[in-house]
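Asker: For reference, the structure I am asking about is given below.
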Amino acid sequence: MTMFDRVKEISKKRGLTLAQLNEKVGLKQNVIYSWKTKTPSVDKVKAVADVLNVSVDYLLGNTDNPEPSTSSDDLTKNQKLIAYSIDPDISDEERQAIINMVKEAMKFRRRL
């Protein structure tokens, strides 16, 4: 299965057309369709993977597991950031909510 096929399949499972995915990622019209014959940049593949909530490895065909892996190093970095900037007495639920907000902000920044 090609990367284009994987993107098309997972988009359909997520209820998105490729045109809608193009728009959500911030790509020009039909960019994803061009992946049938052209190799996309790493940045574009990463942005699509983020929107579809799958791993880049899955899109590249390196794994059959579409779930993005969470590196314990990334989580530790986020927790350190929180520890330095937020009250250390917050609950685990509040801490996780902040981590999720940071992740979303990072995704947004990558799209710019």
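In the structure tokens, the first chain shown is A, the next is B, and so on; residue numbers restart at 1 for each chain, and ligands run from 1 in the order shown.
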Near A:Lys28, counting only C-alpha atoms, which residues have an atom at most 12 Å away, once you skip same-chain residues fewer than 6 positions from it, shown as a ChimeraX atom specification?
Answerer: /A:18-22,34,44
Asker: Residues at most 12 Å from A:Glu23, counting only C-alpha atoms, excluding those fewer than 4 positions away in the same chain, as a VMD selection string?
Answerer: chain A and resid 16 to 19 27 to 32 47 to 48 51 111
Asker: Running DSSP on the backbone, which parts of stretch 10-55 of chain A land in alpha helix (DSSP H), as a list in words?
Answerer: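 Selecting the alpha helix (DSSP H) positions of stretch 10-55 of chain A gives Ile10, Ser11, Lys12, Lys13, Leu18, Ala19, Gln20, Leu21, Asn22, Glu23, Lys24, Val25, Val31, Ile32, Tyr33, Ser34, Val42, Asp43, Lys44, Val45, Lys46, Ala47, Val48, Ala49, Asp50, Val51 and Leu52 of chain A.
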Asker: Any chance you could export the current selection's N, CA and C atoms as a PDB file, in the first residue's frame?
Answerer:
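Once everything was written out, this is again.pdb:
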```pdb
ATOM      1  N   ILE A  10      -7.161   6.226   5.778  1.00  0.00           N
ATOM      2  CA  ILE A  10      -7.357   6.736   7.137  1.00  0.00           C
ATOM      3  C   ILE A  10      -8.227   7.994   7.117  1.00  0.00           C
ATOM      4  N   SER A  11      -8.123   8.793   6.062  1.00  0.00           N
ATOM      5  CA  SER A  11      -8.997   9.971   5.928  1.00  0.00           C
ATOM      6  C   SER A  11     -10.451   9.541   5.874  1.00  0.00           C
ATOM      7  N   LYS A  12     -10.709   8.516   5.083  1.00  0.00           N
ATOM      8  CA  LYS A  12     -12.077   8.005   4.955  1.00  0.00           C
ATOM      9  C   LYS A  12     -12.589   7.509   6.304  1.00  0.00           C
ATOM     10  N   LYS A  13     -11.733   6.795   7.046  1.00  0.00           N
ATOM     11  CA  LYS A  13     -12.119   6.314   8.378  1.00  0.00           C
ATOM     12  C   LYS A  13     -12.410   7.468   9.330  1.00  0.00           C
ATOM     13  N   LEU A  18     -10.256  13.914   0.877  1.00  0.00           N
ATOM     14  CA  LEU A  18      -8.888  14.404   0.726  1.00  0.00           C
ATOM     15  C   LEU A  18      -8.865  15.921   0.560  1.00  0.00           C
ATOM     16  N   ALA A  19      -9.898  16.478  -0.049  1.00  0.00           N
ATOM     17  CA  ALA A  19      -9.987  17.942  -0.172  1.00  0.00           C
ATOM     18  C   ALA A  19     -10.110  18.584   1.210  1.00  0.00           C
ATOM     19  N   GLN A  20     -10.926  17.987   2.085  1.00  0.00           N
ATOM     20  CA  GLN A  20     -11.072  18.508   3.446  1.00  0.00           C
ATOM     21  C   GLN A  20      -9.764  18.374   4.219  1.00  0.00           C
ATOM     22  N   LEU A  21      -9.077  17.251   4.026  1.00  0.00           N
ATOM     23  CA  LEU A  21      -7.791  17.046   4.692  1.00  0.00           C
ATOM     24  C   LEU A  21      -6.780  18.086   4.223  1.00  0.00           C
ATOM     25  N   ASN A  22      -6.712  18.307   2.907  1.00  0.00           N
ATOM     26  CA  ASN A  22      -5.840  19.359   2.366  1.00  0.00           C
ATOM     27  C   ASN A  22      -6.076  20.670   3.087  1.00  0.00           C
ATOM     28  N   GLU A  23      -7.356  21.022   3.228  1.00  0.00           N
ATOM     29  CA  GLU A  23      -7.728  22.294   3.854  1.00  0.00           C
ATOM     30  C   GLU A  23      -7.334  22.330   5.328  1.00  0.00           C
ATOM     31  N   LYS A  24      -7.627  21.240   6.056  1.00  0.00           N
ATOM     32  CA  LYS A  24      -7.298  21.196   7.492  1.00  0.00           C
ATOM     33  C   LYS A  24      -5.802  21.321   7.734  1.00  0.00           C
ATOM     34  N   VAL A  25      -5.023  20.709   6.854  1.00  0.00           N
ATOM     35  CA  VAL A  25      -3.569  20.736   7.005  1.00  0.00           C
ATOM     36  C   VAL A  25      -3.002  22.089   6.563  1.00  0.00           C
ATOM     37  N   VAL A  31      -2.831  18.912  -3.340  1.00  0.00           N
ATOM     38  CA  VAL A  31      -1.461  18.527  -2.994  1.00  0.00           C
ATOM     39  C   VAL A  31      -1.400  17.046  -2.629  1.00  0.00           C
ATOM     40  N   ILE A  32      -2.340  16.597  -1.816  1.00  0.00           N
ATOM     41  CA  ILE A  32      -2.304  15.191  -1.400  1.00  0.00           C
ATOM     42  C   ILE A  32      -2.508  14.271  -2.600  1.00  0.00           C
ATOM     43  N   TYR A  33      -3.360  14.656  -3.537  1.00  0.00           N
ATOM     44  CA  TYR A  33      -3.535  13.847  -4.752  1.00  0.00           C
ATOM     45  C   TYR A  33      -2.224  13.719  -5.520  1.00  0.00           C
ATOM     46  N   SER A  34      -1.390  14.741  -5.462  1.00  0.00           N
ATOM     47  CA  SER A  34      -0.110  14.703  -6.181  1.00  0.00           C
ATOM     48  C   SER A  34       0.837  13.655  -5.600  1.00  0.00           C
ATOM     49  N   VAL A  42       8.866  16.106   4.187  1.00  0.00           N
ATOM     50  CA  VAL A  42       8.688  15.558   5.530  1.00  0.00           C
ATOM     51  C   VAL A  42       7.709  16.411   6.328  1.00  0.00           C
ATOM     52  N   ASP A  43       7.803  17.731   6.189  1.00  0.00           N
ATOM     53  CA  ASP A  43       6.907  18.634   6.920  1.00  0.00           C
ATOM     54  C   ASP A  43       5.446  18.375   6.577  1.00  0.00           C
ATOM     55  N   LYS A  44       5.170  18.149   5.305  1.00  0.00           N
ATOM     56  CA  LYS A  44       3.791  17.904   4.879  1.00  0.00           C
ATOM     57  C   LYS A  44       3.289  16.560   5.402  1.00  0.00           C
ATOM     58  N   VAL A  45       4.137  15.553   5.348  1.00  0.00           N
ATOM     59  CA  VAL A  45       3.743  14.236   5.865  1.00  0.00           C
ATOM     60  C   VAL A  45       3.469  14.327   7.359  1.00  0.00           C
ATOM     61  N   LYS A  46       4.320  15.036   8.089  1.00  0.00           N
ATOM     62  CA  LYS A  46       4.137  15.200   9.537  1.00  0.00           C
ATOM     63  C   LYS A  46       2.840  15.936   9.834  1.00  0.00           C
ATOM     64  N   ALA A  47       2.547  16.987   9.063  1.00  0.00           N
ATOM     65  CA  ALA A  47       1.321  17.757   9.282  1.00  0.00           C
ATOM     66  C   ALA A  47       0.086  16.898   9.028  1.00  0.00           C
ATOM     67  N   VAL A  48       0.116  16.088   7.978  1.00  0.00           N
ATOM     68  CA  VAL A  48      -1.011  15.195   7.677  1.00  0.00           C
ATOM     69  C   VAL A  48      -1.157  14.153   8.777  1.00  0.00           C
ATOM     70  N   ALA A  49      -0.041  13.585   9.217  1.00  0.00           N
ATOM     71  CA  ALA A  49      -0.083  12.593  10.298  1.00  0.00           C
ATOM     72  C   ALA A  49      -0.686  13.196  11.562  1.00  0.00           C
ATOM     73  N   ASP A  50      -0.326  14.426  11.873  1.00  0.00           N
ATOM     74  CA  ASP A  50      -0.868  15.094  13.061  1.00  0.00           C
ATOM     75  C   ASP A  50      -2.373  15.281  12.956  1.00  0.00           C
ATOM     76  N   VAL A  51      -2.842  15.745  11.802  1.00  0.00           N
ATOM     77  CA  VAL A  51      -4.281  15.972  11.624  1.00  0.00           C
ATOM     78  C   VAL A  51      -5.045  14.650  11.684  1.00  0.00           C
ATOM     79  N   LEU A  52      -4.474  13.599  11.098  1.00  0.00           N
ATOM     80  CA  LEU A  52      -5.143  12.295  11.095  1.00  0.00           C
ATOM     81  C   LEU A  52      -4.914  11.520  12.390  1.00  0.00           C
TER      82      LEU A  52
END
```
Asker: If I take atom CA of A:Glu93 and atom CA of A:Asn65, how far is one from the other in Å, to one decimal?
Answerer: 27.3 Å
